[in-house]
$ cat structure-v6.pdb   # PDB, C-alpha atoms and all ligand atoms
ATOM      1  CA  MET A   1      34.129  42.204  46.955
ATOM      2  CA  THR A   2      31.351  44.529  48.138
ATOM      3  CA  SER A   3      30.838  45.051  51.856
ATOM      4  CA  VAL A   4      27.481  44.426  53.425
ATOM      5  CA  LEU A   5      28.490  46.290  56.546
ATOM      6  CA  ARG A   6      31.414  48.611  57.019
ATOM      7  CA  ALA A   7      32.022  50.461  60.264
ATOM      8  CA  GLN A   8      34.837  52.918  60.880
ATOM      9  CA  ALA A   9      35.513  53.983  64.487
ATOM     10  CA  LEU A  10      31.780  53.594  65.041
ATOM     11  CA  GLY A  11      30.493  54.480  68.487
ATOM     12  CA  LYS A  12      27.240  54.912  70.334
ATOM     13  CA  ARG A  13      27.064  56.656  73.685
ATOM     14  CA  TYR A  14      24.270  56.989  76.196
ATOM     15  CA  GLY A  15      25.159  59.926  78.411
ATOM     16  CA  ARG A  16      28.764  59.301  79.408
ATOM     17  CA  ARG A  17      28.641  55.564  78.878
ATOM     18  CA  TRP A  18      29.661  53.950  75.597
ATOM     19  CA  ALA A  19      27.396  51.115  74.451
ATOM     20  CA  LEU A  20      29.678  50.557  71.449
ATOM     21  CA  ARG A  21      33.102  52.055  70.987
ATOM     22  CA  GLU A  22      35.673  52.398  68.189
ATOM     23  CA  CYS A  23      34.072  49.600  66.224
ATOM     24  CA  THR A  24      35.883  49.019  62.935
ATOM     25  CA  VAL A  25      34.741  46.052  60.871
ATOM     26  CA  ASP A  26      34.299  45.239  57.218
ATOM     27  CA  ILE A  27      31.971  42.364  56.431
ATOM     28  CA  PRO A  28      32.081  41.084  52.846
ATOM     29  CA  ALA A  29      28.860  39.957  51.150
ATOM     30  CA  GLY A  30      27.707  36.366  51.210
ATOM     31  CA  HIS A  31      28.520  35.467  54.796
ATOM     32  CA  VAL A  32      26.578  34.278  57.799
ATOM     33  CA  VAL A  33      28.161  36.398  60.491
ATOM     34  CA  GLY A  34      28.112  35.411  64.142
ATOM     35  CA  LEU A  35      28.106  38.373  66.505
ATOM     36  CA  VAL A  36      29.013  37.012  69.904
ATOM     37  CA  GLY A  37      29.548  38.584  73.287
ATOM     38  CA  PRO A  38      28.276  38.602  76.841
ATOM     39  CA  ASN A  39      25.276  40.579  78.101
ATOM     40  CA  GLY A  40      25.706  44.290  77.602
ATOM     41  CA  ALA A  41      28.617  43.926  75.159
ATOM     42  CA  GLY A  42      26.963  46.104  72.507
ATOM     43  CA  LYS A  43      25.563  43.511  70.107
ATOM     44  CA  THR A  44      22.046  44.959  69.942
ATOM     45  CA  THR A  45      23.501  48.441  69.626
ATOM     46  CA  LEU A  46      25.581  47.435  66.584
ATOM     47  CA  LEU A  47      22.599  45.708  64.948
ATOM     48  CA  LYS A  48      20.328  48.703  65.591
ATOM     49  CA  LEU A  49      22.929  51.065  64.136
ATOM     50  CA  ALA A  50      23.073  48.834  61.045
ATOM     51  CA  ALA A  51      19.284  48.750  60.819
ATOM     52  CA  GLY A  52      19.141  52.538  61.051
ATOM     53  CA  GLN A  53      17.198  52.456  64.319
ATOM     54  CA  LEU A  54      19.983  54.300  66.133
ATOM     55  CA  GLU A  55      22.195  57.190  65.055
ATOM     56  CA  PRO A  56      25.950  56.907  65.734
ATOM     57  CA  SER A  57      27.520  59.196  68.343
ATOM     58  CA  ALA A  58      30.910  58.755  66.647
ATOM     59  CA  GLY A  59      32.403  57.308  63.494
ATOM     60  CA  GLU A  60      30.635  55.999  60.405
ATOM     61  CA  ILE A  61      28.633  53.041  59.257
ATOM     62  CA  THR A  62      27.560  52.019  55.771
ATOM     63  CA  VAL A  63      25.282  49.100  54.991
ATOM     64  CA  LEU A  64      25.204  47.695  51.455
ATOM     65  CA  GLY A  65      27.114  50.794  50.419
ATOM     66  CA  GLY A  66      24.534  53.260  51.772
ATOM     67  CA  ARG A  67      23.687  55.054  54.965
ATOM     68  CA  PRO A  68      21.373  52.913  57.133
ATOM     69  CA  ALA A  69      17.746  54.053  56.873
ATOM     70  CA  ALA A  70      18.691  56.572  54.169
ATOM     71  CA  GLY A  71      15.214  56.097  52.689
ATOM     72  CA  PRO A  72      12.591  53.509  51.743
ATOM     73  CA  ALA A  73      14.804  51.878  49.097
ATOM     74  CA  GLN A  74      17.645  51.346  51.567
ATOM     75  CA  LEU A  75      15.259  50.119  54.281
ATOM     76  CA  ALA A  76      13.812  47.552  51.872
ATOM     77  CA  ARG A  77      17.262  46.005  51.383
ATOM     78  CA  VAL A  78      17.768  45.240  55.061
ATOM     79  CA  GLY A  79      15.679  42.959  57.268
ATOM     80  CA  PHE A  80      15.877  43.290  61.030
ATOM     81  CA  VAL A  81      14.390  40.756  63.429
ATOM     82  CA  ALA A  82      14.707  42.298  66.871
ATOM     83  CA  GLN A  83      15.286  40.408  70.115
ATOM     84  CA  ASP A  84      12.350  38.458  71.606
ATOM     85  CA  THR A  85      10.823  37.566  68.226
ATOM     86  CA  PRO A  86       8.642  40.592  67.659
ATOM     87  CA  VAL A  87       5.212  39.478  66.486
ATOM     88  CA  TYR A  88       1.758  40.804  67.362
ATOM     89  CA  ALA A  89       0.103  38.459  69.866
ATOM     90  CA  GLY A  90      -3.435  39.439  68.833
ATOM     91  CA  LEU A  91      -2.888  38.931  65.083
ATOM     92  CA  THR A  92      -3.096  35.604  63.292
ATOM     93  CA  VAL A  93      -0.325  34.105  61.178
ATOM     94  CA  ALA A  94      -2.316  35.098  58.062
ATOM     95  CA  ASP A  95      -2.678  38.680  59.397
ATOM     96  CA  HIS A  96       1.105  38.862  59.778
ATOM     97  CA  LEU A  97       1.631  37.798  56.178
ATOM     98  CA  ARG A  98      -0.961  40.323  54.938
ATOM     99  CA  LEU A  99       0.704  43.054  56.973
ATOM    100  CA  GLY A 100       4.111  42.052  55.594
ATOM    101  CA  ALA A 101       2.744  42.263  52.041
ATOM    102  CA  ARG A 102       1.340  45.727  52.677
ATOM    103  CA  LEU A 103       4.444  47.153  54.345
ATOM    104  CA  ASN A 104       7.223  45.718  52.169
ATOM    105  CA  ARG A 105       7.747  46.679  48.569
ATOM    106  CA  ARG A 106       9.789  43.540  47.738
ATOM    107  CA  TRP A 107       7.494  41.128  49.609
ATOM    108  CA  ASP A 108       7.615  37.525  48.348
ATOM    109  CA  ASP A 109       4.157  36.205  49.159
ATOM    110  CA  ALA A 110       4.754  32.742  47.691
ATOM    111  CA  LEU A 111       7.860  32.320  49.847
ATOM    112  CA  ALA A 112       6.012  33.441  52.970
ATOM    113  CA  ARG A 113       3.042  31.118  52.424
ATOM    114  CA  GLU A 114       5.130  28.130  51.394
ATOM    115  CA  ARG A 115       7.437  28.541  54.391
ATOM    116  CA  ALA A 116       4.582  29.005  56.864
ATOM    117  CA  GLU A 117       2.872  25.897  55.528
ATOM    118  CA  ARG A 118       6.067  23.817  55.589
ATOM    119  CA  LEU A 119       6.637  24.823  59.207
ATOM    120  CA  GLY A 120       3.086  23.908  60.181
ATOM    121  CA  LEU A 121       2.146  27.482  61.089
ATOM    122  CA  ASP A 122      -1.667  27.451  60.921
ATOM    123  CA  PRO A 123      -2.783  30.684  59.198
ATOM    124  CA  SER A 124      -5.732  31.045  61.571
ATOM    125  CA  HIS A 125      -3.655  30.765  64.762
ATOM    126  CA  LYS A 126      -3.014  33.916  66.737
ATOM    127  CA  ALA A 127       0.696  34.616  67.240
ATOM    128  CA  GLY A 128       0.134  34.859  70.994
ATOM    129  CA  ARG A 129      -0.868  31.194  71.020
ATOM    130  CA  LEU A 130       2.156  29.920  69.104
ATOM    131  CA  SER A 131       5.066  28.334  70.946
ATOM    132  CA  GLY A 132       8.295  30.313  71.341
ATOM    133  CA  GLY A 133       9.873  28.286  68.540
ATOM    134  CA  GLN A 134       6.927  28.863  66.222
ATOM    135  CA  ARG A 135       6.957  32.586  66.971
ATOM    136  CA  ALA A 136      10.676  32.692  66.145
ATOM    137  CA  GLN A 137       9.986  30.854  62.893
ATOM    138  CA  LEU A 138       7.162  33.281  62.054
ATOM    139  CA  ALA A 139       9.469  36.247  62.711
ATOM    140  CA  LEU A 140      12.157  34.666  60.503
ATOM    141  CA  THR A 141       9.587  33.984  57.775
ATOM    142  CA  LEU A 142       8.553  37.655  57.808
ATOM    143  CA  GLY A 143      12.210  38.698  57.672
ATOM    144  CA  LEU A 144      12.972  36.380  54.741
ATOM    145  CA  ALA A 145       9.815  37.194  52.753
ATOM    146  CA  LYS A 146      10.867  40.808  52.769
ATOM    147  CA  ARG A 147      13.608  39.521  50.426
ATOM    148  CA  PRO A 148      16.370  41.591  51.998
ATOM    149  CA  GLU A 149      19.977  41.516  50.830
ATOM    150  CA  LEU A 150      21.072  41.640  54.460
ATOM    151  CA  LEU A 151      19.181  40.061  57.328
ATOM    152  CA  LEU A 152      20.008  41.163  60.888
ATOM    153  CA  LEU A 153      18.871  38.763  63.618
ATOM    154  CA  ASP A 154      19.207  39.750  67.273
ATOM    155  CA  GLU A 155      19.470  36.616  69.430
ATOM    156  CA  PRO A 156      16.831  34.778  67.435
ATOM    157  CA  VAL A 157      17.311  31.442  69.180
ATOM    158  CA  ALA A 158      17.757  32.617  72.764
ATOM    159  CA  SER A 159      14.414  31.333  74.019
ATOM    160  CA  LEU A 160      14.326  28.094  72.029
ATOM    161  CA  ASP A 161      14.970  24.557  73.189
ATOM    162  CA  PRO A 162      17.853  22.669  71.509
ATOM    163  CA  LEU A 163      15.617  20.950  68.949
ATOM    164  CA  ALA A 164      13.806  24.155  68.029
ATOM    165  CA  ARG A 165      17.198  25.908  67.812
ATOM    166  CA  ARG A 166      18.476  23.282  65.423
ATOM    167  CA  GLU A 167      15.377  23.516  63.245
ATOM    168  CA  PHE A 168      15.533  27.291  63.220
ATOM    169  CA  LEU A 169      19.216  27.396  62.263
ATOM    170  CA  GLN A 170      18.704  24.682  59.657
ATOM    171  CA  GLY A 171      15.930  26.794  58.125
ATOM    172  CA  LEU A 172      18.161  29.830  58.202
ATOM    173  CA  MET A 173      21.013  28.017  56.460
ATOM    174  CA  GLU A 174      18.708  26.691  53.736
ATOM    175  CA  ALA A 175      17.221  30.122  53.200
ATOM    176  CA  THR A 176      20.601  31.854  52.969
ATOM    177  CA  ALA A 177      21.854  29.318  50.411
ATOM    178  CA  GLU A 178      18.636  29.581  48.396
ATOM    179  CA  HIS A 179      18.255  33.361  48.393
ATOM    180  CA  GLN A 180      21.918  34.401  48.460
ATOM    181  CA  LEU A 181      21.512  36.796  51.299
ATOM    182  CA  SER A 182      23.973  37.873  53.954
ATOM    183  CA  VAL A 183      23.093  37.398  57.601
ATOM    184  CA  VAL A 184      24.371  38.914  60.830
ATOM    185  CA  LEU A 185      23.214  36.877  63.783
ATOM    186  CA  SER A 186      23.871  37.702  67.428
ATOM    187  CA  SER A 187      23.971  34.984  70.051
ATOM    188  CA  HIS A 188      25.489  33.880  73.327
ATOM    189  CA  LEU A 189      25.559  30.304  72.149
ATOM    190  CA  VAL A 190      28.874  29.502  70.524
ATOM    191  CA  SER A 191      27.869  25.980  69.578
ATOM    192  CA  ASP A 192      25.005  27.365  67.489
ATOM    193  CA  LEU A 193      27.257  29.875  65.801
ATOM    194  CA  GLU A 194      29.787  27.160  65.049
ATOM    195  CA  ARG A 195      27.121  25.332  63.092
ATOM    196  CA  VAL A 196      26.043  28.189  60.843
ATOM    197  CA  CYS A 197      28.553  31.031  60.814
ATOM    198  CA  ASP A 198      31.504  31.502  58.496
ATOM    199  CA  PHE A 199      32.450  34.965  59.772
ATOM    200  CA  LEU A 200      32.824  35.929  63.403
ATOM    201  CA  ILE A 201      32.789  39.138  65.419
ATOM    202  CA  VAL A 202      33.531  38.959  69.142
ATOM    203  CA  LEU A 203      32.379  41.982  71.122
ATOM    204  CA  VAL A 204      33.335  42.468  74.758
ATOM    205  CA  GLY A 205      32.857  45.579  76.856
ATOM    206  CA  SER A 206      31.584  47.610  73.880
ATOM    207  CA  ARG A 207      34.700  46.887  71.801
ATOM    208  CA  VAL A 208      35.405  44.486  68.943
ATOM    209  CA  GLN A 209      37.973  41.972  70.177
ATOM    210  CA  VAL A 210      38.357  40.054  66.940
ATOM    211  CA  ALA A 211      36.596  39.890  63.580
ATOM    212  CA  GLY A 212      37.221  37.774  60.516
ATOM    213  CA  GLU A 213      36.415  34.711  58.474
ATOM    214  CA  VAL A 214      36.092  31.655  60.698
ATOM    215  CA  GLU A 215      38.408  29.584  58.516
ATOM    216  CA  GLU A 216      41.120  32.223  58.658
ATOM    217  CA  LEU A 217      40.697  32.717  62.417
ATOM    218  CA  LEU A 218      40.967  29.002  63.085
ATOM    219  CA  ALA A 219      44.081  28.737  60.910
ATOM    220  CA  THR A 220      45.891  31.575  62.707
ATOM    221  CA  HIS A 221      45.098  30.867  66.362
ATOM    222  CA  HIS A 222      47.092  28.273  68.278
ATOM    223  CA  ARG A 223      47.366  26.971  71.805
ATOM    224  CA  LEU A 224      50.983  26.789  72.972
ATOM    225  CA  THR A 225      51.786  24.693  76.026
ATOM    226  CA  GLY A 226      55.262  24.344  77.475
ATOM    227  CA  PRO A 227      57.701  25.370  80.218
ATOM    228  CA  ARG A 228      56.742  28.553  82.028
ATOM    229  CA  ARG A 229      57.620  31.644  80.050
ATOM    230  CA  ASP A 230      56.970  35.357  80.293
ATOM    231  CA  PRO A 231      54.584  36.557  77.498
ATOM    232  CA  GLY A 232      57.092  39.321  76.712
ATOM    233  CA  ARG A 233      59.538  36.653  75.512
ATOM    234  CA  LEU A 234      57.279  35.434  72.709
ATOM    235  CA  PRO A 235      58.215  36.527  69.163
ATOM    236  CA  ALA A 236      56.794  39.882  68.062
ATOM    237  CA  GLY A 237      54.622  38.231  65.400
ATOM    238  CA  GLN A 238      52.733  36.209  68.001
ATOM    239  CA  GLN A 239      49.889  38.240  69.437
ATOM    240  CA  VAL A 240      48.979  36.886  72.865
ATOM    241  CA  VAL A 241      45.221  36.496  73.241
ATOM    242  CA  SER A 242      45.320  34.785  76.610
ATOM    243  CA  ALA A 243      47.938  33.453  78.996
ATOM    244  CA  ARG A 244      47.676  31.071  81.910
ATOM    245  CA  HIS A 245      50.502  29.891  84.098
ATOM    246  CA  THR A 246      51.119  27.268  86.701
ATOM    247  CA  GLU A 247      54.346  27.211  88.658
ATOM    248  CA  ARG A 248      56.169  25.326  85.903
ATOM    249  CA  GLN A 249      53.991  25.550  82.820
ATOM    250  CA  SER A 250      52.528  28.246  80.568
ATOM    251  CA  THR A 251      49.608  27.975  78.198
ATOM    252  CA  PHE A 252      49.192  30.738  75.668
ATOM    253  CA  ILE A 253      46.603  31.302  73.003
ATOM    254  CA  VAL A 254      48.316  33.278  70.281
ATOM    255  CA  ARG A 255      47.352  34.699  66.931
ATOM    256  CA  THR A 256      49.983  34.500  64.222
ATOM    257  CA  GLY A 257      50.163  34.118  60.466
ATOM    258  CA  GLU A 258      53.522  32.333  60.776
ATOM    259  CA  PRO A 259      54.138  28.714  61.753
ATOM    260  CA  VAL A 260      55.210  28.222  65.383
ATOM    261  CA  LEU A 261      58.658  26.607  65.134
ATOM    262  CA  ASP A 262      59.909  26.828  68.728
ATOM    263  CA  PRO A 263      60.425  23.169  69.785
ATOM    264  CA  ALA A 264      59.707  24.064  73.426
ATOM    265  CA  TRP A 265      56.024  24.393  72.612
ATOM    266  CA  ASN A 266      53.407  21.763  72.208
ATOM    267  CA  VAL A 267      51.208  23.447  69.558
ATOM    268  CA  SER A 268      47.548  22.633  69.015
ATOM    269  CA  ARG A 269      44.754  24.154  66.928
ATOM    270  CA  LEU A 270      41.681  25.654  68.550
ATOM    271  CA  GLY A 271      38.015  24.985  67.987
ATOM    272  CA  LEU A 272      35.764  27.995  67.492
ATOM    273  CA  GLU A 273      34.383  27.700  71.005
ATOM    274  CA  ASP A 274      37.865  27.827  72.570
ATOM    275  CA  LEU A 275      38.822  30.709  70.346
ATOM    276  CA  VAL A 276      35.756  32.727  71.360
ATOM    277  CA  LEU A 277      36.249  31.875  75.026
ATOM    278  CA  ALA A 278      39.866  33.020  74.875
ATOM    279  CA  TYR A 279      38.753  36.475  73.746
ATOM    280  CA  LEU A 280      35.838  36.602  76.172
ATOM    281  CA  ASP A 281      37.993  35.562  79.076
ATOM    282  CA  ARG A 282      40.389  38.454  78.673
ATOM    283  CA  ASP A 283      40.161  41.229  81.215
ATOM    284  CA  VAL A 284      38.871  44.179  79.282
ATOM    285  CA  ALA A 285      40.098  47.539  80.516
ATOM    286  CA  GLY A 286      40.095  46.262  84.057
ATOM    287  CA  GLU A 287      36.443  45.261  83.915
ATOM    288  CA  ARG A 288      35.230  42.108  85.592
ATOM    289  CA  ARG A 289      35.940  38.773  83.928
ATOM    290  CA  VAL A 290      33.177  37.751  81.602
ATOM    291  CA  LEU A 291      31.722  34.345  81.124
ATOM    292  CA  LEU A 292      29.876  32.980  78.177
ATOM    293  CA  GLU A 293      27.059  30.499  78.241
ATOM    294  CA  VAL A 294      28.242  27.313  76.540
ATOM    295  CA  PRO A 295      25.617  24.568  76.570
ATOM    296  CA  ARG A 296      26.987  21.052  76.706
TER
HETATM  297  N1  LIG B   1      18.636  53.027  75.627
HETATM  298  C1  LIG B   1      19.710  52.859  76.403
HETATM  299  N2  LIG B   1      20.023  53.756  77.344
HETATM  300  C2  LIG B   1      21.116  53.613  78.115
HETATM  301  N3  LIG B   1      21.986  52.591  78.021
HETATM  302  C3  LIG B   1      21.724  51.660  77.099
HETATM  303  C4  LIG B   1      20.577  51.732  76.245
HETATM  304  N4  LIG B   1      20.597  50.659  75.420
HETATM  305  C5  LIG B   1      21.692  49.937  75.748
HETATM  306  N5  LIG B   1      22.361  50.541  76.746
HETATM  307  C6  LIG B   1      23.613  50.069  77.361
HETATM  308  O1  LIG B   1      24.546  49.840  76.327
HETATM  309  C7  LIG B   1      25.316  48.662  76.575
HETATM  310  C8  LIG B   1      25.201  47.702  75.407
HETATM  311  O2  LIG B   1      23.852  47.247  75.307
HETATM  312  P1  LIG B   1      23.379  46.226  74.195
HETATM  313  O3  LIG B   1      21.899  46.032  74.381
HETATM  314  O4  LIG B   1      23.849  46.684  72.867
HETATM  315  O5  LIG B   1      24.168  44.912  74.613
HETATM  316  P2  LIG B   1      23.979  43.400  74.118
HETATM  317  O6  LIG B   1      25.351  42.884  73.804
HETATM  318  O7  LIG B   1      22.957  43.323  73.034
HETATM  319  O8  LIG B   1      23.440  42.711  75.437
HETATM  320  P3  LIG B   1      22.429  41.455  75.622
HETATM  321  O9  LIG B   1      23.194  40.229  75.255
HETATM  322  O10 LIG B   1      22.128  41.510  77.083
HETATM  323  O11 LIG B   1      21.222  41.698  74.770
HETATM  324  C9  LIG B   1      24.785  48.101  77.899
HETATM  325  O12 LIG B   1      25.647  48.532  78.925
HETATM  326  C10 LIG B   1      23.423  48.711  78.043
HETATM  327  O13 LIG B   1      23.082  48.874  79.391
END
$ encode --input "structure-v6.pdb" --output "structure tokens" --more "lines below"
Ligand SMILES: Nc1ncnc2c1ncn2[C@@H]1O[C@H](COP(=O)(O)OP(=O)(O)OP(=O)(O)O)[C@@H](O)[C@H]1O
Amino acid sequence: MTSVLRAQALGKRYGRRWALRECTVDIPAGHVVGLVGPNGAGKTTLLKLAAGQLEPSAGEITVLGGRPAAGPAQLARVGFVAQDTPVYAGLTVADHLRLGARLNRRWDDALARERAERLGLDPSHKAGRLSGGQRAQLALTLGLAKRPELLLLDEPVASLDPLARREFLQGLMEATAEHQLSVVLSSHLVSDLERVCDFLIVLVGSRVQVAGEVEELLATHHRLTGPRRDPGRLPAGQQVVSARHTERQSTFIVRTGEPVLDPAWNVSRLGLEDLVLAYLDRDVAGERRVLLEVPR
């Protein structure tokens, strides 16, 4: 299957500090990819590298088989909705659609108008007077009407209330099914990602901690609880993601393709949220522990 995004030892450095480091991922087409990580993890950097807005300092990245921003044809295949729903406050909804039509060679005007109408976006309203949710929907409409093959969304729901978030993600899911596009979506909110994503990338401290299809990740990660044990005594095929101990008991989260047969363990499956938290909670290269926002 063709890759929508392939990175090999990709890195971006500002001065001596790496914003993204040794990033190797291969995202097949047709997925809604959740890119999750705490503040400063490198999510925006990866999306901007994919959009061709940044040049790598190390490694390689190809998007839809080409170099990002290789030229107008490549740019037309990728939509990028930057953080904070970038719209022009002084322009009306109709102005935005006209601008989109002028700037994008594959612009789908019928889609843009139909979507704006369905969402109740009044063409005569200035973007600056729309609510945060409406602005996010306008930005998504512009991104979709561009008819990209890959849509990159940087924290599109961060400023939205739960209802607006649900509506936005619902709209995104419908649009991806209808137009067969691939999406990479960054967010802090695991519960939102759980609803829409079928591929996950967890970034912490500028490095990819885990990447893969959600179904496969959920099938291969287990929580083991039992009598206290040193992690070094687990079988070689069980990769320890996290370990917690009390005086008498150990709880491990392990990744393994094999069944866990040791009768000493009580084995349970993980939900996506627990899986993500296990990776986020690891100490990364001695850096401080990181916490993720998980709305209840
Ligand atoms: N233009 C820049 N100059 C210097 N450092 C930068 C620049 N842009 C990003 N960084 C640094 O690179 C690291 C990764 O930033 P990035 O914006 O990619 O993180 P993020 O995961 O998107 O964070 P957030 O969730 O807060 O948006 C951070 O440490 C940040 O301070």
$ closest_residue --input "structure-v6.pdb" --among "A:Thr176, A:Ser124, A:Ser186, A:Asn39" --to "ligand LIG 1 (chain B)" --atoms "all atoms listed in the file"
A:Asn39
$ atom_distance --input "structure-v6.pdb" --atom1 "atom CA of Val87 of chain A" --atom2 "atom CA of Glu149 of chain A"
21.6 Å
$ residues_near_point --input "structure-v6.pdb" --point "(33.9, 38.6, 74.3)" --cutoff "10 Å" --atoms "all atoms listed in the file" --output "PyMOL selection string"
chain A and resi 35-39+41+188+201-210+276-284+289-292
$ resolve_selection --input "structure-v6.pdb" --expression "the PyMOL selection byres (((not hetatm)) within 6 of (chain B and resi 1))" --output "ChimeraX atom specification"
/A:14,19,38-45
$ atom_distance --input "structure-v6.pdb" --atom1 "atom CA of Arg98 of chain A" --atom2 "atom CA of Thr85 of chain A"
18.0 Å
$ closest_residue --input "structure-v6.pdb" --among "A:Asp262, A:Asp26, A:Asp108, A:Asp192" --to "Ala164 of chain A" --atoms "all atoms listed in the file"
A:Asp192
$ residues_around --input "structure-v6.pdb" --residues "Gly59 of chain A" --least-positions-apart "4" --cutoff "7 Å" --atoms "all atoms listed in the file" --output "number ranges by chain"
A: 8-11
$ atom_distance --input "structure-v6.pdb" --atom1 "atom CA of Val33 of chain A" --atom2 "atom CA of Ala211 of chain A"
9.6 Å
$ resolve_selection --input "structure-v6.pdb" --expression "the PyMOL selection byres (((chain A and resi 256) around 7) and not hetatm)" --output "PyMOL selection string"
chain A and resi 220-221+237-239+254-255+257-258
$ closest_atom_pairs --input "structure-v6.pdb" --of "segment 163-229 of chain A" --to "segment 249-252 of chain A" --cutoff "10 Å" --atoms "all atoms listed in the file" --output "tab-separated table"
residue	atom	partner	partner_atom	distance
A:His222	CA	A:Phe252	CA	8.1
A:Arg223	CA	A:Phe252	CA	5.7
A:Leu224	CA	A:Phe252	CA	5.1
A:Thr225	CA	A:Thr251	CA	4.5
A:Gly226	CA	A:Gln249	CA	5.6
A:Pro227	CA	A:Gln249	CA	4.5
A:Arg228	CA	A:Gln249	CA	4.1
A:Arg229	CA	A:Ser250	CA	6.1
$ write_last_selection --input "structure-v6.pdb" --atoms "C-alpha atoms" --output "PDB file, keeping the file's coordinate frame"
ATOM      1  CA  HIS A 222      47.092  28.273  68.278  1.00  0.00           C
ATOM      2  CA  ARG A 223      47.366  26.971  71.805  1.00  0.00           C
ATOM      3  CA  LEU A 224      50.983  26.789  72.972  1.00  0.00           C
ATOM      4  CA  THR A 225      51.786  24.693  76.026  1.00  0.00           C
ATOM      5  CA  GLY A 226      55.262  24.344  77.475  1.00  0.00           C
ATOM      6  CA  PRO A 227      57.701  25.370  80.218  1.00  0.00           C
ATOM      7  CA  ARG A 228      56.742  28.553  82.028  1.00  0.00           C
ATOM      8  CA  ARG A 229      57.620  31.644  80.050  1.00  0.00           C
TER       9      ARG A 229
END
$ resolve_selection --input "structure-v6.pdb" --expression "the PyMOL selection byres (((chain A and resi 120) around 12) and not hetatm)" --output "list of chain:residue names"
A:Val93, A:Arg113, A:Glu114, A:Arg115, A:Ala116, A:Glu117, A:Arg118, A:Leu119, A:Leu121, A:Asp122, A:Pro123, A:Ser124, A:His125, A:Leu130, A:Ser131, A:Gly133, A:Gln134, A:Arg135, A:Gln137, A:Leu138
$ closest_residue --input "structure-v6.pdb" --among "A:Val63, A:Val240, A:Leu142, A:Ala136" --to "Pro156 of chain A" --atoms "all atoms listed in the file"
A:Ala136
$ residues_around --input "structure-v6.pdb" --residues "Leu150 of chain A" --least-positions-apart "3" --cutoff "12 Å" --atoms "only C-alpha atoms" --output "MDAnalysis selection string"
chainID A and resid 3:5 27:33 47 50:51 63:65 68 74:81 143:144 146:147 153 176 179:185
$ closest_residue --input "structure-v6.pdb" --among "A:Ala69, A:Ala219, A:Ala101, A:Leu189" --to "Glu55 of chain A" --atoms "all atoms listed in the file"
A:Ala69
$ closest_residue --input "structure-v6.pdb" --among "A:Val190, A:Pro263, A:Leu111, A:Ala139" --to "Ala89 of chain A" --atoms "only C-alpha atoms"
A:Ala139
$ closest_residue --input "structure-v6.pdb" --among "A:Ala58, A:Ala82, A:Arg129, A:Ala73" --to "Pro148 of chain A" --atoms "all atoms listed in the file"
A:Ala73
$ residues_near_point --input "structure-v6.pdb" --point "(38.2, 29.4, 59.1)" --cutoff "12 Å" --atoms "all atoms listed in the file" --output "ChimeraX atom specification"
/A:194,197-200,211-221,269-272,275
$ build_atoms --input "structure-v6.pdb" --residues "segment 265-276 of chain A" --atoms "N, CA and C atoms" --output "PDB file, keeping the file's coordinate frame"
ATOM      1  N   TRP A 265      57.497  24.356  72.513  1.00  0.00           N
ATOM      2  CA  TRP A 265      56.024  24.393  72.612  1.00  0.00           C
ATOM      3  C   TRP A 265      55.365  23.142  72.051  1.00  0.00           C
ATOM      4  N   ASN A 266      54.351  22.718  72.752  1.00  0.00           N
ATOM      5  CA  ASN A 266      53.407  21.763  72.208  1.00  0.00           C
ATOM      6  C   ASN A 266      52.288  22.615  71.577  1.00  0.00           C
ATOM      7  N   VAL A 267      52.131  22.542  70.270  1.00  0.00           N
ATOM      8  CA  VAL A 267      51.208  23.447  69.558  1.00  0.00           C
ATOM      9  C   VAL A 267      49.949  22.696  69.147  1.00  0.00           C
ATOM     10  N   SER A 268      48.781  23.266  69.488  1.00  0.00           N
ATOM     11  CA  SER A 268      47.548  22.633  69.015  1.00  0.00           C
ATOM     12  C   SER A 268      46.598  23.687  68.449  1.00  0.00           C
ATOM     13  N   ARG A 269      45.745  23.242  67.533  1.00  0.00           N
ATOM     14  CA  ARG A 269      44.754  24.154  66.928  1.00  0.00           C
ATOM     15  C   ARG A 269      43.603  24.342  67.896  1.00  0.00           C
ATOM     16  N   LEU A 270      42.833  25.386  67.691  1.00  0.00           N
ATOM     17  CA  LEU A 270      41.681  25.654  68.550  1.00  0.00           C
ATOM     18  C   LEU A 270      40.392  25.388  67.799  1.00  0.00           C
ATOM     19  N   GLY A 271      39.364  24.988  68.540  1.00  0.00           N
ATOM     20  CA  GLY A 271      38.015  24.985  67.987  1.00  0.00           C
ATOM     21  C   GLY A 271      37.446  26.391  68.135  1.00  0.00           C
ATOM     22  N   LEU A 272      36.346  26.645  67.454  1.00  0.00           N
ATOM     23  CA  LEU A 272      35.764  27.995  67.492  1.00  0.00           C
ATOM     24  C   LEU A 272      35.367  28.387  68.920  1.00  0.00           C
ATOM     25  N   GLU A 273      34.829  27.412  69.640  1.00  0.00           N
ATOM     26  CA  GLU A 273      34.383  27.700  71.005  1.00  0.00           C
ATOM     27  C   GLU A 273      35.558  28.158  71.874  1.00  0.00           C
ATOM     28  N   ASP A 274      36.690  27.450  71.776  1.00  0.00           N
ATOM     29  CA  ASP A 274      37.865  27.827  72.570  1.00  0.00           C
ATOM     30  C   ASP A 274      38.394  29.190  72.144  1.00  0.00           C
ATOM     31  N   LEU A 275      38.337  29.424  70.858  1.00  0.00           N
ATOM     32  CA  LEU A 275      38.822  30.709  70.346  1.00  0.00           C
ATOM     33  C   LEU A 275      37.979  31.853  70.916  1.00  0.00           C
ATOM     34  N   VAL A 276      36.651  31.687  70.841  1.00  0.00           N
ATOM     35  CA  VAL A 276      35.756  32.727  71.360  1.00  0.00           C
ATOM     36  C   VAL A 276      35.974  32.907  72.858  1.00  0.00           C
TER      37      VAL A 276
END
